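This report refers to the structure that appears directly beneath it.
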Amino acid sequence: MYQIAVLPCDGVGPEVVAEGLKVMAVAAEKYGVEYETVEYDIGGERYLRTGEVLPDSVMAELSQCDAIYLGAVGHPDVPPGVLEQGILLKLRFGFDQYVNLRPIKLYPGVETPLKDKGPEDIDFVVVRENTEGFYAGMGGQLKRGTPDEVAVQTGIYTRKGTERIIRYAFEIARKRSKAKQLTCVDKANVLTHGHDLWRRTFVEVGQEYPDIKQENAFVDAVCMWFVKNPEWFDVVVTTNMFGDIITDLGAMIQGGMGVAASGNINPEGVSMFEPIHGSAPKYRGKDVVSPIAAICAAGMMMEHLGSPEAGAAIEKAVISALASGKLGDLSTRSGVRTTEAGDLVASLIE
Ligand code: IPM
Ligand code: MN
């Protein structure tokens with residue numbers, strides 16, 4: 001019996017999580033997956049009410065669960081950073097979820113803004129390092145608020161951290177039946193210390209994977225190619241900050257934030273699954289946002305927990321729902337209710 005901690009959090013998080021759970025329940029029943037969910041009241045509302053963000057007592061409980069299912073973090077009345085740092089990054093760092101896995105896949109029936117590109121062209125996965133780089137929080141400020149102020153924010157790259165994410169990406173490239181290719185995305189021409197470490201590590205680890213085609217690319221060029229030639233990519237591995245940026249671009253080419261899901265993975269520990277989109281406070285409670293990304297995240301979670309059949313069934317149901325044309329353009333103006341979209345996907349689980 002799996003224990004799944006559910007953290008709906010802020011904005012539209014609770015609505016999309018409810019649909020993900022609805023679909024997951026149907027798939028789990030069909031494939032004999034047994035689980036229990038425990039919901040946690042975490043997020044902006046709790047912070048405003050009690051001043052607590054993510055108490056250590058909750059972290060201790062979460063450390064005992066098999067996976068975490070998260071909605072979205074961010075509240076208009078809470079200063080930026082408090083919840084992002086205090087919830088999302090605390091979970092990623094606290095549970096050493098060093099892989100941020102972000103599939104970029106255009107499903108049939110979904111519109112991409114890219115001209116002349118279709119589902120056969122847009123199908124890759126970004127493996128984003130999730131515990132280091134500029135997200136590590138190293139640095140400081142001096143003479144803040146004065147004309148002489150100084151701010152330093154340092155990117156941290158450890159050999160161990162670099163090696164483990166690159167190895168994970170090679171393994172994914174091996175498992176995927178596509179081009180057997182891994183592209184290491186960096187800015188080694190400018191970040192000559194940290195990204196030199198990345199390049200050397202890529203070459204060294206790459207020697208263990210002679211069956212995988214290995215390429216280096218600069219992040220700015222990759223932004224161009226994601227748009228111009230997305231078919232060139234199979235698996236991409238990159239640093240935390242670059243991964244953050246290029247996966248928003250990736251989400252757009254796969255049809256928007258309404259479909260982009262992700263897993264924050266610690267292969268030996270507690271992993272967390274979430275849609276990439278934010279809390280979208282202005283749509284909160286309106287039943288208008290697409291739950292597809294959250295549903296896909298639930299599928300990734302099933303697969304991670306050891307039920308690839310249930311995970312695949314969820315993805316297939318999403319594909320059928322999208323292909324049916326009944327979900328419109330997935331935007332908030334599609335006229336399709338969040339709950340209706342969830343019902344449709346749930347009804348298509350085979
Ligand atoms: C994401 C988000 C987060 C990040 C924010 C909310 C801290 O943008 O998951 O991509 O930067 O990682
Ligand atoms: Mn982001």
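Chain labels run A, B, ... following the order of the structure tokens; each chain numbers its residues from 1, and ligands are numbered from 1 in the order shown.
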Q: Using only C-alpha atoms and all ligand atoms, find each protein or nucleic acid residue lying at most 8 Å from ligand 2; present the set as a PyMOL selection string.
A: chain A and resi 244-245+247-248+276-277
File of the preceding selection, all heavy atoms, as an mmCIF file, in the first residue's frame:
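Result went into result.cif, see below:
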```
data_model
loop_
_atom_site.group_PDB
_atom_site.id
_atom_site.type_symbol
_atom_site.label_atom_id
_atom_site.label_comp_id
_atom_site.auth_asym_id
_atom_site.auth_seq_id
_atom_site.Cartn_x
_atom_site.Cartn_y
_atom_site.Cartn_z
ATOM 1 N N ASP A 244 15.165 25.477 -15.757
ATOM 2 C CA ASP A 244 13.949 26.220 -15.438
ATOM 3 C C ASP A 244 13.490 27.006 -16.658
ATOM 4 O O ASP A 244 12.321 26.974 -17.046
ATOM 5 C CB ASP A 244 14.228 27.172 -14.271
ATOM 6 C CG ASP A 244 13.030 28.044 -13.949
ATOM 7 O OD1 ASP A 244 11.911 27.489 -13.866
ATOM 8 O OD2 ASP A 244 13.202 29.268 -13.798
ATOM 9 N N ILE A 245 14.431 27.702 -17.273
ATOM 10 C CA ILE A 245 14.086 28.602 -18.372
ATOM 11 C C ILE A 245 13.678 27.828 -19.633
ATOM 12 O O ILE A 245 12.627 28.090 -20.222
ATOM 13 C CB ILE A 245 15.277 29.544 -18.670
ATOM 14 C CG1 ILE A 245 15.557 30.422 -17.433
ATOM 15 C CG2 ILE A 245 14.983 30.410 -19.895
ATOM 16 C CD1 ILE A 245 16.879 31.166 -17.470
ATOM 17 N N THR A 247 12.531 24.900 -19.983
ATOM 18 C CA THR A 247 11.315 24.075 -19.914
ATOM 19 C C THR A 247 10.041 24.917 -19.985
ATOM 20 O O THR A 247 8.981 24.391 -20.312
ATOM 21 C CB THR A 247 11.288 23.153 -18.677
ATOM 22 O OG1 THR A 247 11.512 23.919 -17.494
ATOM 23 C CG2 THR A 247 12.342 22.070 -18.800
ATOM 24 N N ASP A 248 10.117 26.201 -19.695
ATOM 25 C CA ASP A 248 8.950 27.056 -19.983
ATOM 26 C C ASP A 248 8.802 27.192 -21.496
ATOM 27 O O ASP A 248 7.689 27.142 -22.038
ATOM 28 C CB ASP A 248 9.104 28.451 -19.346
ATOM 29 C CG ASP A 248 8.459 28.518 -17.955
ATOM 30 O OD1 ASP A 248 8.331 27.456 -17.313
ATOM 31 O OD2 ASP A 248 8.096 29.626 -17.517
ATOM 32 N N ILE A 276 3.806 21.866 -14.168
ATOM 33 C CA ILE A 276 4.787 22.954 -14.214
ATOM 34 C C ILE A 276 4.121 24.309 -13.958
ATOM 35 O O ILE A 276 4.732 25.221 -13.437
ATOM 36 C CB ILE A 276 5.527 22.982 -15.586
ATOM 37 C CG1 ILE A 276 6.434 21.756 -15.726
ATOM 38 C CG2 ILE A 276 6.356 24.250 -15.737
ATOM 39 C CD1 ILE A 276 7.346 21.797 -16.944
ATOM 40 N N HIS A 277 2.857 24.409 -14.317
ATOM 41 C CA HIS A 277 2.202 25.726 -14.195
ATOM 42 C C HIS A 277 2.115 26.194 -12.750
ATOM 43 O O HIS A 277 2.200 25.408 -11.822
ATOM 44 C CB HIS A 277 0.815 25.702 -14.845
ATOM 45 C CG HIS A 277 -0.181 24.797 -14.168
ATOM 46 N ND1 HIS A 277 -0.686 25.046 -12.919
ATOM 47 C CD2 HIS A 277 -0.757 23.648 -14.587
ATOM 48 C CE1 HIS A 277 -1.554 24.087 -12.603
ATOM 49 N NE2 HIS A 277 -1.587 23.220 -13.586
#
```
Which residues are near Lys286 in chain A? Cut-off 9 Å, only C-alpha atoms, ignore same chain within fewer than 5 positions. Put them as a PDB file with N, CA and C atoms, in the first residue's frame.
```pdb
ATOM      1  N   VAL A  12      -5.052  27.616  -8.181  1.00  0.00           N
ATOM      2  CA  VAL A  12      -5.793  26.547  -8.853  1.00  0.00           C
ATOM      3  C   VAL A  12      -5.266  25.158  -8.471  1.00  0.00           C
ATOM      4  N   ARG A 337     -14.879  22.914 -18.526  1.00  0.00           N
ATOM      5  CA  ARG A 337     -14.650  23.018 -17.083  1.00  0.00           C
ATOM      6  C   ARG A 337     -13.510  22.090 -16.646  1.00  0.00           C
ATOM      7  N   THR A 338     -12.808  22.500 -15.624  1.00  0.00           N
ATOM      8  CA  THR A 338     -11.732  21.674 -15.048  1.00  0.00           C
ATOM      9  C   THR A 338     -12.274  20.285 -14.708  1.00  0.00           C
TER      10      THR A 338
END
```
Q: Go through the chains and note each residue within 10 Å of ligand 1, using only C-alpha atoms and all ligand atoms, then give the set as an MDAnalysis selection string.
A: chainID A and resid 72:74 80:89 92 100 102 128 130:131 135 240:248 261:264 274:279
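The gap separating CA of Thr162 in chain A from CA of Leu197 in chain A is 7.9 Å, in Å to one decimal.
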Test item: residues at most 12 Å from Val33 in chain A, only C-alpha atoms, excluding those fewer than 4 positions along its chain, as a PDB file with C-alpha atoms, in the first residue's frame:
```pdb
ATOM      1  CA  MET A   1       0.000   0.000   0.000  1.00  0.00           C
ATOM      2  CA  TYR A   2       1.576   3.237  -1.147  1.00  0.00           C
ATOM      3  CA  GLN A   3       1.292   6.347   0.993  1.00  0.00           C
ATOM      4  CA  MET A  24      -5.532   8.150 -10.636  1.00  0.00           C
ATOM      5  CA  ALA A  25      -8.206   6.405  -8.581  1.00  0.00           C
ATOM      6  CA  VAL A  26      -9.734   4.903 -11.732  1.00  0.00           C
ATOM      7  CA  ALA A  27      -6.373   3.782 -13.131  1.00  0.00           C
ATOM      8  CA  ALA A  28      -5.239   2.375  -9.790  1.00  0.00           C
ATOM      9  CA  GLU A  29      -8.458   0.399  -9.414  1.00  0.00           C
ATOM     10  CA  MET A 301       3.863   9.336 -10.167  1.00  0.00           C
ATOM     11  CA  MET A 302       2.157   5.986 -10.807  1.00  0.00           C
ATOM     12  CA  GLU A 303       5.003   4.963 -13.069  1.00  0.00           C
ATOM     13  CA  LEU A 305       5.824   4.171  -7.730  1.00  0.00           C
ATOM     14  CA  GLY A 306       6.236   0.994  -9.726  1.00  0.00           C
ATOM     15  CA  SER A 307       3.041   0.795 -11.791  1.00  0.00           C
ATOM     16  CA  PRO A 308       4.081   1.622 -15.335  1.00  0.00           C
ATOM     17  CA  GLU A 309       0.809   0.086 -16.583  1.00  0.00           C
ATOM     18  CA  ALA A 310      -1.325   2.501 -14.568  1.00  0.00           C
ATOM     19  CA  GLY A 311       0.966   5.379 -15.603  1.00  0.00           C
TER      20      GLY A 311
END
```
Q: as a PyMOL selection string, list the residues of range 252-285 of chain A assigned to helix (DSSP H, G or I) by DSSP on the backbone atoms of this structure.
A: chain A and resi 252-253+281-283
Q. Where does DSSP see strand (DSSP E) in range 90-163 of chain A, if you list the residues as a VMD selection string?
A. chain A and resid 99 to 105 123 to 129 133 to 142 150 to 156
Writer output for current selection, C-alpha atoms, as an mmCIF file, in the first residue's frame:
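Saved the output as out_21.cif:
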```cif
data_model
loop_
_atom_site.group_PDB
_atom_site.id
_atom_site.type_symbol
_atom_site.label_atom_id
_atom_site.label_comp_id
_atom_site.auth_asym_id
_atom_site.auth_seq_id
_atom_site.Cartn_x
_atom_site.Cartn_y
_atom_site.Cartn_z
ATOM 1 C CA VAL A 99 16.312 15.224 -10.864
ATOM 2 C CA ASN A 100 13.657 17.482 -12.321
ATOM 3 C CA LEU A 101 12.209 15.407 -15.124
ATOM 4 C CA ARG A 102 10.228 17.391 -17.677
ATOM 5 C CA PRO A 103 8.862 15.586 -20.729
ATOM 6 C CA ILE A 104 8.200 17.856 -23.710
ATOM 7 C CA LYS A 105 5.745 15.976 -25.854
ATOM 8 C CA ASP A 123 9.006 14.510 -28.277
ATOM 9 C CA PHE A 124 11.930 14.857 -25.922
ATOM 10 C CA VAL A 125 12.678 15.042 -22.240
ATOM 11 C CA VAL A 126 14.578 17.633 -20.275
ATOM 12 C CA VAL A 127 16.505 16.360 -17.263
ATOM 13 C CA ARG A 128 17.017 19.438 -15.130
ATOM 14 C CA GLU A 129 19.471 19.393 -12.234
ATOM 15 C CA GLY A 133 23.352 26.060 -9.452
ATOM 16 C CA PHE A 134 21.889 29.467 -8.661
ATOM 17 C CA TYR A 135 19.096 27.831 -6.697
ATOM 18 C CA ALA A 136 21.492 26.859 -3.907
ATOM 19 C CA GLY A 137 21.035 30.306 -2.369
ATOM 20 C CA MET A 138 24.734 31.101 -1.900
ATOM 21 C CA GLY A 139 25.649 34.753 -1.792
ATOM 22 C CA GLY A 140 24.767 37.905 0.034
ATOM 23 C CA GLN A 141 24.123 41.597 -0.022
ATOM 24 C CA LEU A 142 26.149 44.507 1.258
ATOM 25 C CA VAL A 150 26.568 45.057 -3.783
ATOM 26 C CA ALA A 151 24.807 41.747 -4.425
ATOM 27 C CA VAL A 152 26.468 38.405 -5.057
ATOM 28 C CA GLN A 153 24.630 35.253 -6.116
ATOM 29 C CA THR A 154 26.834 32.285 -6.739
ATOM 30 C CA GLY A 155 26.095 29.227 -8.833
ATOM 31 C CA ILE A 156 27.147 26.022 -7.110
#
```
At most 7 Å is the cut-off: for each residue in range 32-114 of chain A with any atom that close to an atom of range 249-258 of chain A, write down the nearest atom pair and the distance in Å rounded to one decimal, counting only C-alpha atoms, chain first then increasing number, as a Markdown table.
```
| residue | atom | partner | partner_atom | distance |
| --- | --- | --- | --- | --- |
| A:Ile104 | CA | A:Gly250 | CA | 5.9 |
| A:Lys105 | CA | A:Gln254 | CA | 5.5 |
| A:Leu106 | CA | A:Gln254 | CA | 4.4 |
| A:Val110 | CA | A:Gly255 | CA | 5.9 |
| A:Glu111 | CA | A:Gly255 | CA | 5.5 |
| A:Thr112 | CA | A:Gly255 | CA | 4.9 |
| A:Pro113 | CA | A:Ile253 | CA | 6.2 |
| A:Leu114 | CA | A:Ile253 | CA | 6.6 |
```
Restricting the output to C-alpha atoms, write the selected residues as a short mmCIF file (atom, residue, chain, number, x, y, z; two decimals), in the first residue's frame.
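The resulting file, part-v9.cif, is shown below:
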```
data_model
loop_
_atom_site.label_atom_id
_atom_site.label_comp_id
_atom_site.auth_asym_id
_atom_site.auth_seq_id
_atom_site.Cartn_x
_atom_site.Cartn_y
_atom_site.Cartn_z
CA ILE A 104 8.20 17.86 -23.71
CA LYS A 105 5.74 15.98 -25.85
CA LEU A 106 3.22 17.35 -28.29
CA VAL A 110 -2.92 19.81 -29.31
CA GLU A 111 -1.93 22.97 -31.06
CA THR A 112 1.69 24.07 -31.10
CA PRO A 113 2.67 27.63 -32.01
CA LEU A 114 5.46 26.17 -34.17
#
```
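Proximity ranking of A:Ile265, A:Val23, A:Ile4, A:Ile212 relative to Tyr98 in chain A places A:Ile265 first, based on only C-alpha atoms.
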Q: Please indicate the distance in Å from CA of Gly71 in chain A to CA of Ala5 in chain A, rounded to one decimal place.
A: 11.4 Å
Q. Could you pull the residues within 9 Å of Lys22 in chain A, counting only C-alpha atoms, minus those fewer than 5 positions along the same chain, as a PyMOL selection string?
A. chain A and resi 17+295+342-343+346
Q | Who sits within 8 Å of Val345 in chain A, only C-alpha atoms, same chain under 2 positions skipped, as a count of residues only | A | 12
Within 9 Å of Ala18 in chain A, counting only C-alpha atoms, which residues qualify if same-chain residues fewer than 2 places away don't, as a tab-separated table (two decimals) with N, CA, C and O atoms, in the first residue's frame?
```
chain	number	residue	atom	x	y	z
A	8	PRO	N	-2.13	20.26	-2.12
A	8	PRO	CA	-2.78	21.05	-3.18
A	8	PRO	C	-2.26	22.49	-3.22
A	8	PRO	O	-2.20	23.10	-4.28
A	13	GLY	N	-4.23	25.11	-7.63
A	13	GLY	CA	-3.65	23.83	-7.21
A	13	GLY	C	-4.70	22.82	-6.75
A	13	GLY	O	-4.75	21.70	-7.28
A	14	PRO	N	-5.56	23.20	-5.79
A	14	PRO	CA	-6.55	22.23	-5.30
A	14	PRO	C	-7.48	21.69	-6.40
A	14	PRO	O	-7.80	20.50	-6.41
A	15	GLU	N	-7.86	22.55	-7.34
A	15	GLU	CA	-8.77	22.10	-8.41
A	15	GLU	C	-8.12	21.08	-9.33
A	15	GLU	O	-8.73	20.09	-9.71
A	16	VAL	N	-6.87	21.36	-9.74
A	16	VAL	CA	-6.24	20.44	-10.68
A	16	VAL	C	-5.82	19.14	-9.99
A	16	VAL	O	-5.91	18.06	-10.57
A	20	GLY	N	-6.57	15.17	-10.90
A	20	GLY	CA	-5.50	14.18	-10.97
A	20	GLY	C	-5.81	12.98	-10.09
A	20	GLY	O	-5.62	11.82	-10.49
A	21	LEU	N	-6.32	13.26	-8.90
A	21	LEU	CA	-6.64	12.16	-7.97
A	21	LEU	C	-7.81	11.33	-8.49
A	21	LEU	O	-7.85	10.11	-8.34
A	22	LYS	N	-8.76	12.02	-9.13
A	22	LYS	CA	-9.93	11.35	-9.69
A	22	LYS	C	-9.49	10.33	-10.76
A	22	LYS	O	-9.89	9.16	-10.74
A	23	VAL	N	-8.61	10.77	-11.65
A	23	VAL	CA	-8.15	9.92	-12.74
A	23	VAL	C	-7.27	8.78	-12.19
A	23	VAL	O	-7.38	7.62	-12.59
A	291	PRO	N	-6.79	20.66	-16.26
A	291	PRO	CA	-6.12	19.80	-15.27
A	291	PRO	C	-5.17	18.80	-15.92
A	291	PRO	O	-4.62	17.93	-15.24
A	339	THR	N	-13.42	20.28	-14.05
A	339	THR	CA	-14.03	19.02	-13.60
A	339	THR	C	-14.47	18.16	-14.79
A	339	THR	O	-14.32	16.94	-14.76
A	342	GLY	N	-11.48	16.46	-16.29
A	342	GLY	CA	-11.09	15.34	-15.43
A	342	GLY	C	-12.01	14.14	-15.62
A	342	GLY	O	-11.56	12.99	-15.74
```
